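Reproduced below: data30.txt, with compact mmCIF, C-alpha atoms and all ligand atoms.
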# COMPACT_ATOMS: atom_id res chain seq x y z
CA MET A 1241 -107.30 44.95 213.42
CA ALA A 1242 -107.80 41.37 212.30
CA GLN A 1243 -111.20 42.30 210.95
CA GLN A 1244 -109.84 45.29 209.03
CA THR A 1245 -107.55 43.16 206.95
CA LYS A 1246 -110.56 41.17 205.75
CA THR A 1247 -112.74 44.09 204.70
CA LEU A 1248 -112.62 45.59 201.25
CA ASN A 1249 -111.93 49.29 201.06
CA ILE A 1250 -114.69 51.01 199.09
CA GLY A 1251 -114.02 54.45 197.65
CA LEU A 1252 -117.34 56.26 197.79
CA VAL A 1253 -117.04 59.03 195.21
CA PHE A 1254 -119.66 61.78 195.42
CA GLY A 1255 -120.39 65.44 194.64
CA GLY A 1256 -119.00 66.29 191.23
CA ARG A 1257 -119.26 68.99 188.63
CA SER A 1258 -122.87 68.50 187.54
CA GLY A 1259 -126.07 70.24 188.58
CA GLU A 1260 -126.89 67.15 190.62
CA HIS A 1261 -123.99 67.69 193.05
CA GLU A 1262 -126.19 68.09 196.15
CA VAL A 1263 -128.39 65.13 195.28
CA SER A 1264 -125.27 63.03 195.03
CA LEU A 1265 -124.24 64.02 198.55
CA ARG A 1266 -127.57 62.80 199.89
CA SER A 1267 -127.16 59.45 198.17
CA ALA A 1268 -123.60 59.15 199.51
CA ARG A 1269 -124.78 59.77 203.06
CA SER A 1270 -127.40 57.03 202.76
CA ILE A 1271 -124.87 54.53 201.42
CA PHE A 1272 -122.39 55.48 204.14
CA GLU A 1273 -125.01 54.80 206.85
CA ALA A 1274 -126.21 51.52 205.41
CA ILE A 1275 -123.15 49.74 204.01
CA ASP A 1276 -122.27 46.43 205.65
CA ARG A 1277 -119.35 47.32 207.95
CA SER A 1278 -118.49 43.69 208.57
CA ARG A 1279 -117.48 43.43 204.89
CA TYR A 1280 -116.46 46.93 203.88
CA THR A 1281 -114.58 49.99 205.07
CA ILE A 1282 -115.27 53.30 203.37
CA SER A 1283 -113.05 56.07 202.06
CA LEU A 1284 -115.04 59.24 201.52
CA ILE A 1285 -113.93 60.94 198.33
CA GLY A 1286 -115.75 64.19 197.60
CA ILE A 1287 -115.37 65.92 194.23
CA ASP A 1288 -115.94 69.65 194.57
CA ARG A 1289 -117.65 71.80 191.97
CA SER A 1290 -114.37 72.64 190.29
CA GLY A 1291 -113.52 68.96 189.92
CA HIS A 1292 -110.92 68.56 192.69
CA TRP A 1293 -110.98 65.43 194.81
CA HIS A 1294 -110.89 65.55 198.63
CA LEU A 1295 -110.49 62.73 201.11
CA LEU A 1296 -112.94 63.59 203.87
CA GLU A 1297 -112.93 62.59 207.51
CA GLU A 1298 -116.13 61.00 208.77
CA SER A 1299 -116.95 63.95 211.03
CA GLN A 1300 -116.48 66.39 208.17
CA PHE A 1301 -118.67 64.29 205.88
CA ARG A 1302 -121.43 64.05 208.49
CA ARG A 1303 -121.42 67.81 209.06
CA LEU A 1304 -121.61 68.43 205.34
CA THR A 1305 -124.41 65.97 204.68
CA ASP A 1306 -126.47 66.96 207.75
CA ASP A 1307 -127.57 70.00 205.75
CA ALA A 1308 -130.51 69.39 203.48
CA LEU A 1309 -128.86 70.53 200.26
CA ALA A 1310 -125.22 71.28 200.96
CA ALA A 1311 -122.40 71.52 198.43
CA LEU A 1312 -118.86 70.40 199.06
CA GLU A 1313 -116.79 73.57 199.29
CA ASP A 1314 -113.30 72.65 200.32
CA GLY A 1315 -111.43 70.87 203.04
CA GLY A 1316 -109.96 67.43 203.42
CA ALA A 1317 -106.64 66.41 201.93
CA GLU A 1318 -106.62 66.85 198.19
CA VAL A 1319 -106.18 63.47 196.59
CA ALA A 1320 -106.09 61.91 193.14
CA LEU A 1321 -105.93 58.61 191.38
CA LEU A 1322 -103.35 58.22 188.68
CA PRO A 1323 -104.65 57.35 185.21
CA ALA A 1324 -102.37 54.33 185.17
CA PRO A 1325 -102.74 51.00 186.93
CA ASN A 1326 -101.25 51.34 190.42
CA ARG A 1327 -103.48 49.02 192.40
CA GLY A 1328 -105.92 51.69 193.46
CA GLN A 1329 -103.54 53.90 195.41
CA LEU A 1330 -105.00 57.27 196.22
CA ILE A 1331 -102.28 59.89 195.98
CA ASP A 1332 -102.02 62.95 198.21
CA THR A 1333 -101.62 65.69 195.62
CA GLN A 1334 -99.89 68.04 198.03
CA GLY A 1335 -97.21 65.40 198.12
CA ILE A 1336 -96.86 65.40 201.89
CA GLN A 1337 -97.74 61.81 202.46
CA GLY A 1338 -97.39 60.33 198.97
CA ALA A 1339 -99.72 57.38 198.59
CA THR A 1340 -102.44 57.63 201.22
CA ARG A 1341 -104.48 54.50 200.96
CA ARG A 1342 -105.50 51.75 198.64
CA ILE A 1343 -109.00 51.54 197.22
CA ASP A 1344 -110.30 48.10 196.20
CA VAL A 1345 -113.58 49.11 194.56
CA ILE A 1346 -115.03 52.49 193.63
CA PHE A 1347 -118.70 53.23 194.22
CA PRO A 1348 -119.30 56.36 192.15
CA ILE A 1349 -122.51 57.94 193.31
CA LEU A 1350 -122.39 60.84 190.88
CA HIS A 1351 -125.16 61.94 188.60
CA GLY A 1352 -125.13 63.71 185.25
CA THR A 1353 -122.19 65.26 183.43
CA PHE A 1354 -118.74 63.83 184.29
CA GLY A 1355 -120.33 61.27 186.62
CA GLU A 1356 -122.91 59.29 184.75
CA ASP A 1357 -121.79 59.86 181.17
CA GLY A 1358 -118.78 57.56 180.86
CA THR A 1359 -116.07 60.13 181.45
CA ILE A 1360 -115.16 59.13 185.00
CA GLN A 1361 -115.80 55.48 184.14
CA GLY A 1362 -113.06 55.76 181.49
CA PHE A 1363 -110.77 57.19 184.09
CA PHE A 1364 -111.45 54.26 186.45
CA ASP A 1365 -110.71 51.89 183.57
CA LEU A 1366 -107.34 53.55 183.01
CA ALA A 1367 -106.60 53.27 186.72
CA ASP A 1368 -107.72 49.63 186.50
CA ILE A 1369 -110.04 49.74 189.51
CA PRO A 1370 -113.36 47.88 189.68
CA TYR A 1371 -116.31 50.26 189.91
CA VAL A 1372 -120.04 49.98 190.47
CA GLY A 1373 -122.37 50.44 187.52
CA ALA A 1374 -122.17 50.68 183.77
CA GLY A 1375 -118.89 51.01 181.88
CA VAL A 1376 -117.90 53.74 179.43
CA LEU A 1377 -120.18 52.70 176.59
CA GLY A 1378 -123.30 51.96 178.62
CA SER A 1379 -122.88 55.16 180.60
CA ALA A 1380 -122.37 57.32 177.52
CA VAL A 1381 -125.33 55.99 175.56
CA GLY A 1382 -127.43 55.94 178.72
CA MET A 1383 -126.78 59.65 179.05
CA ASP A 1384 -127.40 60.64 175.45
CA LYS A 1385 -131.16 60.65 174.85
CA ASP A 1386 -130.70 60.84 171.07
CA VAL A 1387 -128.20 57.98 170.57
CA GLN A 1388 -130.06 55.93 173.17
CA LYS A 1389 -133.32 56.27 171.24
CA ARG A 1390 -131.69 55.30 167.97
CA LEU A 1391 -130.19 52.15 169.51
CA VAL A 1392 -133.35 50.94 171.20
CA GLN A 1393 -135.37 51.73 168.08
CA ALA A 1394 -133.06 49.49 166.08
CA ALA A 1395 -133.74 46.75 168.64
CA GLY A 1396 -137.50 47.11 168.11
CA ILE A 1397 -138.22 48.70 171.51
CA PRO A 1398 -141.09 51.22 171.30
CA ILE A 1399 -140.25 54.89 171.83
CA VAL A 1400 -142.22 58.07 171.17
CA PRO A 1401 -141.67 59.78 167.77
CA PHE A 1402 -138.78 62.24 168.07
CA GLN A 1403 -136.38 64.47 166.18
CA THR A 1404 -132.96 65.77 167.02
CA VAL A 1405 -131.49 69.18 166.29
CA ASN A 1406 -127.98 70.39 166.98
CA HIS A 1407 -126.87 73.97 167.55
CA HIS A 1408 -125.48 74.33 164.04
CA GLN A 1409 -128.72 73.17 162.38
CA TRP A 1410 -130.66 75.54 164.60
CA LYS A 1411 -128.41 78.49 163.85
CA THR A 1412 -128.56 77.95 160.12
CA GLY A 1413 -132.18 76.82 159.69
CA ALA A 1414 -134.41 77.32 162.72
CA ARG A 1415 -137.54 77.69 160.61
CA ALA A 1416 -136.96 74.39 158.83
CA VAL A 1417 -136.42 72.69 162.19
CA VAL A 1418 -139.72 74.05 163.51
CA GLU A 1419 -141.52 72.95 160.34
CA ARG A 1420 -140.27 69.41 160.56
CA ALA A 1421 -140.90 69.14 164.31
CA LEU A 1422 -144.48 70.44 164.50
CA PRO A 1423 -146.01 67.44 162.65
CA LEU A 1424 -144.91 65.26 165.58
CA GLY A 1425 -148.00 66.75 167.24
CA LEU A 1426 -148.59 69.02 170.22
CA PRO A 1427 -147.76 69.00 173.03
CA LEU A 1428 -144.05 68.52 172.41
CA PHE A 1429 -141.31 67.93 174.93
CA VAL A 1430 -138.01 69.65 174.23
CA LYS A 1431 -134.94 68.42 176.10
CA PRO A 1432 -131.18 68.87 176.15
CA ALA A 1433 -129.86 65.53 174.82
CA ASN A 1434 -127.36 65.01 177.65
CA LEU A 1435 -128.70 66.12 180.98
CA GLY A 1436 -130.95 64.93 183.78
CA SER A 1437 -133.21 66.01 186.62
CA SER A 1438 -135.51 67.67 184.06
CA VAL A 1439 -133.14 70.64 183.77
CA GLY A 1440 -133.68 72.60 180.53
CA ILE A 1441 -136.85 70.64 179.63
CA SER A 1442 -139.99 72.40 178.38
CA LYS A 1443 -143.44 71.19 177.54
CA VAL A 1444 -144.56 73.06 174.43
CA SER A 1445 -148.29 73.46 173.92
CA SER A 1446 -148.39 75.98 171.07
CA PRO A 1447 -146.34 76.29 167.84
CA ALA A 1448 -145.22 79.78 168.87
CA ALA A 1449 -143.51 78.45 172.00
CA LEU A 1450 -141.31 75.90 170.24
CA ALA A 1451 -138.42 78.19 169.25
CA ALA A 1452 -137.97 79.53 172.79
CA ALA A 1453 -138.01 75.97 174.17
CA VAL A 1454 -135.29 74.85 171.73
CA GLU A 1455 -133.17 77.86 172.64
CA ALA A 1456 -133.62 77.18 176.34
CA ALA A 1457 -132.51 73.57 175.88
CA LEU A 1458 -129.55 74.65 173.69
CA GLU A 1459 -128.24 76.58 176.68
CA TYR A 1460 -127.48 73.25 178.33
CA ASP A 1461 -126.34 71.09 175.43
CA THR A 1462 -125.30 71.46 171.80
CA LYS A 1463 -127.91 68.83 170.87
CA VAL A 1464 -131.61 68.88 171.65
CA VAL A 1465 -134.33 66.25 171.38
CA ILE A 1466 -137.87 67.23 170.40
CA GLU A 1467 -140.46 64.55 171.02
CA LYS A 1468 -144.18 63.98 170.98
CA GLY A 1469 -145.74 64.45 174.41
CA LEU A 1470 -147.84 61.57 175.65
CA ASP A 1471 -150.66 61.49 178.14
CA ALA A 1472 -149.11 58.63 180.04
CA ARG A 1473 -148.44 57.07 183.41
CA GLU A 1474 -144.75 57.04 184.38
CA ILE A 1475 -143.62 53.55 185.31
CA GLU A 1476 -140.09 52.82 186.54
CA CYS A 1477 -138.30 49.54 186.96
CA ALA A 1478 -134.97 48.73 188.64
CA VAL A 1479 -132.57 46.39 186.84
CA LEU A 1480 -129.65 44.68 188.57
CA GLY A 1481 -126.94 42.37 187.23
CA ASN A 1482 -124.27 41.95 184.59
CA ASP A 1483 -124.74 39.12 182.12
CA GLU A 1484 -128.08 37.98 183.51
CA PRO A 1485 -129.79 41.15 184.70
CA VAL A 1486 -133.01 40.88 186.68
CA ALA A 1487 -135.88 43.35 187.05
CA SER A 1488 -137.59 44.51 190.24
CA VAL A 1489 -141.28 45.08 190.74
CA PRO A 1490 -142.23 48.25 188.83
CA GLY A 1491 -143.06 51.51 190.60
CA GLU A 1492 -145.04 54.52 189.49
CA ILE A 1493 -144.36 58.24 189.70
CA CYS A 1494 -147.45 60.43 189.94
CA PRO A 1495 -146.35 64.06 189.53
CA THR A 1496 -148.81 66.57 190.95
CA ALA A 1497 -147.84 69.30 188.45
CA ASP A 1498 -147.93 69.20 184.67
CA PHE A 1499 -144.89 66.92 184.38
CA TYR A 1500 -142.08 65.54 186.54
CA SER A 1501 -140.04 68.74 186.65
CA TYR A 1502 -136.90 69.63 188.65
CA GLU A 1503 -139.12 71.26 191.27
CA ALA A 1504 -141.29 68.16 191.55
CA LYS A 1505 -138.18 66.01 191.92
CA TYR A 1506 -136.20 68.00 194.49
CA VAL A 1507 -137.87 71.19 195.69
CA ASP A 1508 -141.55 70.52 196.34
CA ASP A 1509 -142.04 67.78 198.95
CA ASN A 1510 -145.48 67.15 197.48
CA GLY A 1511 -144.25 67.33 193.87
CA ALA A 1512 -144.91 63.67 193.19
CA ARG A 1513 -146.24 60.53 194.79
CA LEU A 1514 -144.33 57.27 194.48
CA LEU A 1515 -146.42 54.12 194.23
CA ILE A 1516 -144.50 50.94 195.02
CA PRO A 1517 -145.40 48.58 193.54
CA ALA A 1518 -147.14 50.29 190.64
CA PRO A 1519 -150.79 49.26 190.41
CA LEU A 1520 -150.49 47.17 187.25
CA ASP A 1521 -151.98 43.81 186.36
CA PRO A 1522 -149.58 40.84 186.30
CA GLU A 1523 -149.32 40.84 182.50
CA LYS A 1524 -148.42 44.55 182.32
CA THR A 1525 -145.94 44.07 185.17
CA ARG A 1526 -144.29 41.30 183.19
CA GLN A 1527 -144.16 43.49 180.07
CA VAL A 1528 -142.50 46.33 181.99
CA GLN A 1529 -139.91 43.96 183.43
CA GLU A 1530 -139.18 42.36 180.08
CA LEU A 1531 -138.85 45.71 178.33
CA SER A 1532 -136.57 47.02 181.09
CA VAL A 1533 -134.18 44.08 180.86
CA ARG A 1534 -134.12 44.36 177.05
CA VAL A 1535 -133.27 48.06 177.27
CA PHE A 1536 -130.52 47.36 179.82
CA GLN A 1537 -128.97 44.75 177.54
CA THR A 1538 -129.42 46.72 174.32
CA LEU A 1539 -127.56 49.66 175.83
CA GLU A 1540 -124.81 47.37 177.23
CA CYS A 1541 -125.32 48.40 180.83
CA ALA A 1542 -123.81 46.67 183.85
CA GLY A 1543 -124.47 46.57 187.57
CA MET A 1544 -127.55 48.72 187.83
CA ALA A 1545 -129.90 50.99 185.95
CA ARG A 1546 -133.38 52.36 186.40
CA VAL A 1547 -135.51 52.10 183.29
CA ASP A 1548 -138.28 54.70 183.00
CA CYS A 1549 -141.28 53.94 180.80
CA PHE A 1550 -144.45 55.63 179.70
CA LEU A 1551 -147.73 53.72 179.77
CA GLU A 1552 -150.00 55.64 177.42
CA ARG A 1553 -153.43 56.06 178.98
CA SER A 1554 -155.49 55.91 175.79
CA SER A 1555 -153.80 52.90 174.18
CA ASP A 1556 -152.38 51.07 177.23
CA ARG A 1557 -149.13 50.80 175.26
CA LEU A 1558 -145.67 50.88 176.82
CA TYR A 1559 -142.84 53.09 175.56
CA LEU A 1560 -139.33 53.55 176.81
CA ASN A 1561 -138.74 57.09 178.09
CA GLU A 1562 -135.12 56.79 179.21
CA ILE A 1563 -132.58 54.80 181.18
CA ASN A 1564 -130.64 56.13 184.18
CA THR A 1565 -127.37 54.33 184.78
CA LEU A 1566 -126.71 56.07 188.12
CA PRO A 1567 -130.20 56.57 189.51
CA GLY A 1568 -130.96 58.46 192.71
CA PHE A 1569 -129.68 56.24 195.48
CA THR A 1570 -130.81 57.62 198.83
CA SER A 1571 -132.54 55.05 201.02
CA ILE A 1572 -135.88 56.57 199.99
CA SER A 1573 -135.10 56.83 196.25
CA MET A 1574 -137.05 54.80 193.75
CA TYR A 1575 -134.23 52.42 192.76
CA PRO A 1576 -133.45 51.05 196.25
CA LYS A 1577 -137.14 51.17 197.23
CA LEU A 1578 -138.06 48.99 194.27
CA TRP A 1579 -135.51 46.42 195.34
CA GLU A 1580 -136.71 46.55 198.91
CA ALA A 1581 -140.23 45.83 197.65
CA SER A 1582 -138.74 42.93 195.66
CA GLY A 1583 -137.11 41.42 198.74
CA LEU A 1584 -133.58 42.86 198.60
CA SER A 1585 -132.69 45.24 201.45
CA TYR A 1586 -130.79 48.48 200.86
CA ARG A 1587 -127.74 47.06 202.65
CA ASP A 1588 -127.72 43.86 200.59
CA LEU A 1589 -128.27 45.85 197.40
CA ILE A 1590 -125.09 47.83 198.09
CA SER A 1591 -123.14 44.61 198.71
CA ARG A 1592 -124.54 43.04 195.55
CA LEU A 1593 -123.49 46.04 193.45
CA ILE A 1594 -119.96 45.81 194.81
CA GLU A 1595 -119.84 42.09 193.98
CA LEU A 1596 -121.04 42.83 190.45
CA ALA A 1597 -118.33 45.48 190.05
CA ILE A 1598 -115.66 42.96 191.01
CA GLU A 1599 -117.15 40.32 188.71
CA ARG A 1600 -117.16 42.66 185.71
CA HIS A 1601 -113.62 43.81 186.39
CA SER A 1602 -112.23 40.30 186.69
CA ASN A 1603 -114.00 39.17 183.50
CA ARG A 1604 -112.29 42.02 181.66
CA GLN A 1605 -108.94 41.36 183.25
CA ARG A 1606 -108.87 37.91 181.72
CA LEU A 1607 -108.79 39.42 178.24
CA LYS A 1608 -105.59 39.32 176.25
CA ARG A 1609 -104.03 42.71 175.72
CA SER A 1610 -101.57 41.76 173.01
CA TYR A 1611 -101.56 39.67 169.88
CA ARG A 1612 -98.71 37.67 168.40
CA PRO A 1613 -99.25 37.00 164.69
CA ASN A 1614 -99.02 33.39 163.63
CA PRO A 1615 -95.58 32.91 161.97
CA TYR A 1616 -96.94 30.40 159.39
N1 LIG B 1701 -142.65 62.54 175.59
C1 LIG B 1701 -143.10 62.87 176.80
N2 LIG B 1701 -144.42 62.80 177.07
C2 LIG B 1701 -144.90 63.12 178.30
N3 LIG B 1701 -144.13 63.53 179.33
C3 LIG B 1701 -142.81 63.62 179.12
C4 LIG B 1701 -142.22 63.30 177.85
N4 LIG B 1701 -140.88 63.46 177.94
C5 LIG B 1701 -140.64 63.89 179.19
N5 LIG B 1701 -141.79 64.01 179.91
C6 LIG B 1701 -141.89 64.48 181.31
O1 LIG B 1701 -140.69 65.15 181.66
C7 LIG B 1701 -139.99 64.45 182.69
C8 LIG B 1701 -138.48 64.54 182.48
O2 LIG B 1701 -138.13 64.02 181.21
P1 LIG B 1701 -136.97 62.95 181.02
O3 LIG B 1701 -136.87 62.65 179.58
O4 LIG B 1701 -137.21 61.80 181.93
O5 LIG B 1701 -135.67 63.79 181.44
P2 LIG B 1701 -134.64 63.68 182.67
O6 LIG B 1701 -133.50 62.90 182.13
O7 LIG B 1701 -134.27 65.08 182.95
O8 LIG B 1701 -135.35 62.98 183.80
C9 LIG B 1701 -140.55 63.04 182.62
O9 LIG B 1701 -140.41 62.35 183.85
C10 LIG B 1701 -142.01 63.32 182.27
O10 LIG B 1701 -142.74 63.79 183.41
MG MG B 1702 -136.30 61.16 183.70
As a first step, turn the structure in this file into structure tokens.
Ligand SMILES: Nc1ncnc2c1ncn2[C@@H]1O[C@H](COP(=O)(O)OP(=O)(O)O)[C@@H](O)[C@H]1O
Ligand SMILES: [Mg+2]
Amino acid sequence: MAQQTKTLNIGLVFGGRSGEHEVSLRSARSIFEAIDRSRYTISLIGIDRSGHWHLLEESQFRRLTDDALAALEDGGAEVALLPAPNRGQLIDTQGIQGATRRIDVIFPILHGTFGEDGTIQGFFDLADIPYVGAGVLGSAVGMDKDVQKRLVQAAGIPIVPFQTVNHHQWKTGARAVVERALPLGLPLFVKPANLGSSVGISKVSSPAALAAAVEAALEYDTKVVIEKGLDAREIECAVLGNDEPVASVPGEICPTADFYSYEAKYVDDNGARLLIPAPLDPEKTRQVQELSVRVFQTLECAGMARVDCFLERSSDRLYLNEINTLPGFTSISMYPKLWEASGLSYRDLISRLIELAIERHSNRQRLKRSYRPNPY
């Protein structure tokens, strides 16, 4: 009992309404197994596909996450946080018990829409609870491939030539869109602006295939990015910190198929090889790390992010592909593996992220919320 009073209660929030629901459950299970129990207790908060929150028992959570790709169906008391500061009290929405327990820090391990895009981060801000990872702004621009590119471009960070088209422009002038996109050069990559896991992405190798690719991407988002395809190595780097972020050793993804597709990421066990560290010379390693920290700071991230780069084979030049503010976080995912290779264990990484969440929250709490005009 004495020990319990000293531990912080971490609300592990997983599942969610995005296509990456099952992946999130895997990451949650890994965190649950590895977290330092001498410092933290865990409340297991599963968000089902319809967006309802459930407080799960350990046994229930284990059963659920023993399956390779399970989804959270139902079960567990339905709970909620109020969008008003009430010291992290989880509320039983059936009203039987009222307040159930107090959460000190939230660890949202949600990917994609409503998890990684700033929406739930805004909700945690309203509830005034510290949470792991980027805030509203960093999450939102980290999710939007179009706005993200425009911001890093303004900061002088190299990106591949791209164009953006929204559903209205496509509906009213598809031919003009095709004509302005083709000069980017084939192959082209066509992507929904706000998604992940390669869902809705096509590689276009002939002009005739472009329209179908745009339409496929528009099924997932009202905005689509069309960009020049590179023949490039895919180099990823893990960044950790708030005001003074640091970069891990870089890693490399070697997809076996044409590109790093959804299947290569989650379905085919042999879809890609991960090389940790990436075989790069010291100077290139330094460039990747420097670029990754600059991207993290330009996009106003916090806590963690994985920065994914292209290293063009012909020119040996580095380009930013994208940032992921809530990267895959199972114990064998790239982000934790890169830190392990850099000397920080998975367990200590989790603790560090929780400390960073508390640091960011307390820095923001010091801010004045009102202003009294000077009477003179
Ligand atoms: N411009 C490009 N040139 C070459 N390959 C690309 C390009 N854009 C995307 N890809 C391939 O598609 C994959 C998924 O694209 P990405 O932009 O990272 O989307 P997601 O957010 O879904 O991961 C990349 O990992 C890479 O294999
Ligand atoms: Mg990617």
Item checked: Atom pair CA of Val1405 in chain A / CA of Ser1501 in chain A: separation (Å) ->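 Result for CA of Val1405 in chain A versus CA of Ser1501 in chain A: 22.1 Å, one decimal.
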Check: Hey, which of A:Gly1355, A:Gly1436, A:Gly1259, A:Pro1519 ends up closest to ligand LIG 1701 (chain B)? Count only C-alpha atoms and all ligand atoms.
Finding: A:Gly1436
Check: With all atoms listed in the file as the basis for distance, which of A:Leu1584, A:Ile1250, A:Ile1598, A:Met1383 is at the shortest distance from ligand MG 1702 (chain B)?
Finding: A:Met1383
I'd like the neighbourhood of Val1253 in chain A as a tab-separated table (two decimals) with C-alpha atoms, keeping the file's coordinate frame, where a residue qualifies if any of its atoms comes within 10 Å (using all atoms listed in the file), though same-chain residues fewer than 6 positions away should be ignored.
chain	number	residue	atom	x	y	z
A	1264	SER	CA	-125.27	63.03	195.03
A	1265	LEU	CA	-124.24	64.02	198.55
A	1268	ALA	CA	-123.60	59.15	199.51
A	1283	SER	CA	-113.05	56.07	202.06
A	1284	LEU	CA	-115.04	59.24	201.52
A	1285	ILE	CA	-113.93	60.94	198.33
A	1286	GLY	CA	-115.75	64.19	197.60
A	1287	ILE	CA	-115.37	65.92	194.23
A	1293	TRP	CA	-110.98	65.43	194.81
A	1294	HIS	CA	-110.89	65.55	198.63
A	1295	LEU	CA	-110.49	62.73	201.11
A	1346	ILE	CA	-115.03	52.49	193.63
A	1347	PHE	CA	-118.70	53.23	194.22
A	1348	PRO	CA	-119.30	56.36	192.15
A	1349	ILE	CA	-122.51	57.94	193.31
A	1350	LEU	CA	-122.39	60.84	190.88
A	1355	GLY	CA	-120.33	61.27	186.62
Margin query: Between CA of Pro1567 in chain A and CA of Gly1373 in chain A, what distance in Å does the model show, to one decimal?
Written below: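 Interatomic distance, CA of Pro1567 in chain A to CA of Gly1373 in chain A: 10.1 Å.
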How would range 1453-1472 of chain A read, as a compact mmCIF listing (two decimals), in the coordinates of the input, once N, CA and C atoms are built in?
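This is the output file rebuild-v1.txt:
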# COMPACT_ATOMS: atom_id res chain seq x y z
N ALA A 1453 -138.34 77.21 173.45
CA ALA A 1453 -138.01 75.97 174.17
C ALA A 1453 -136.72 75.36 173.64
N VAL A 1454 -136.53 75.39 172.30
CA VAL A 1454 -135.29 74.85 171.73
C VAL A 1454 -134.11 75.69 172.20
N GLU A 1455 -134.28 77.00 172.20
CA GLU A 1455 -133.17 77.86 172.64
C GLU A 1455 -132.84 77.64 174.11
N ALA A 1456 -133.87 77.44 174.92
CA ALA A 1456 -133.62 77.18 176.34
C ALA A 1456 -132.84 75.88 176.51
N ALA A 1457 -133.21 74.86 175.76
CA ALA A 1457 -132.51 73.57 175.88
C ALA A 1457 -131.09 73.67 175.34
N LEU A 1458 -130.90 74.49 174.27
CA LEU A 1458 -129.55 74.65 173.69
C LEU A 1458 -128.60 75.38 174.64
N GLU A 1459 -129.14 75.97 175.68
CA GLU A 1459 -128.24 76.58 176.68
C GLU A 1459 -127.52 75.51 177.49
N TYR A 1460 -128.06 74.31 177.50
CA TYR A 1460 -127.48 73.25 178.33
C TYR A 1460 -126.74 72.19 177.53
N ASP A 1461 -127.01 72.11 176.24
CA ASP A 1461 -126.34 71.09 175.43
C ASP A 1461 -126.31 71.58 173.98
N THR A 1462 -125.36 71.07 173.20
CA THR A 1462 -125.30 71.46 171.80
C THR A 1462 -126.27 70.63 170.96
N LYS A 1463 -126.95 69.69 171.59
CA LYS A 1463 -127.91 68.83 170.87
C LYS A 1463 -129.20 68.76 171.68
N VAL A 1464 -130.31 68.82 170.98
CA VAL A 1464 -131.61 68.88 171.65
C VAL A 1464 -132.54 67.84 171.02
N VAL A 1465 -133.35 67.21 171.86
CA VAL A 1465 -134.33 66.25 171.38
C VAL A 1465 -135.72 66.88 171.47
N ILE A 1466 -136.48 66.75 170.40
CA ILE A 1466 -137.87 67.23 170.40
C ILE A 1466 -138.74 65.99 170.23
N GLU A 1467 -139.66 65.76 171.15
CA GLU A 1467 -140.46 64.55 171.02
C GLU A 1467 -141.93 64.79 171.31
N LYS A 1468 -142.72 63.90 170.78
CA LYS A 1468 -144.18 63.98 170.98
C LYS A 1468 -144.50 63.75 172.45
N GLY A 1469 -145.32 64.63 173.02
CA GLY A 1469 -145.74 64.45 174.41
C GLY A 1469 -146.88 63.45 174.50
N LEU A 1470 -146.79 62.58 175.47
CA LEU A 1470 -147.84 61.57 175.65
C LEU A 1470 -148.65 61.89 176.90
N ASP A 1471 -149.90 61.49 176.89
CA ASP A 1471 -150.66 61.49 178.14
C ASP A 1471 -150.46 60.07 178.71
N ALA A 1472 -149.55 59.97 179.64
CA ALA A 1472 -149.11 58.63 180.04
C ALA A 1472 -148.82 58.54 181.53
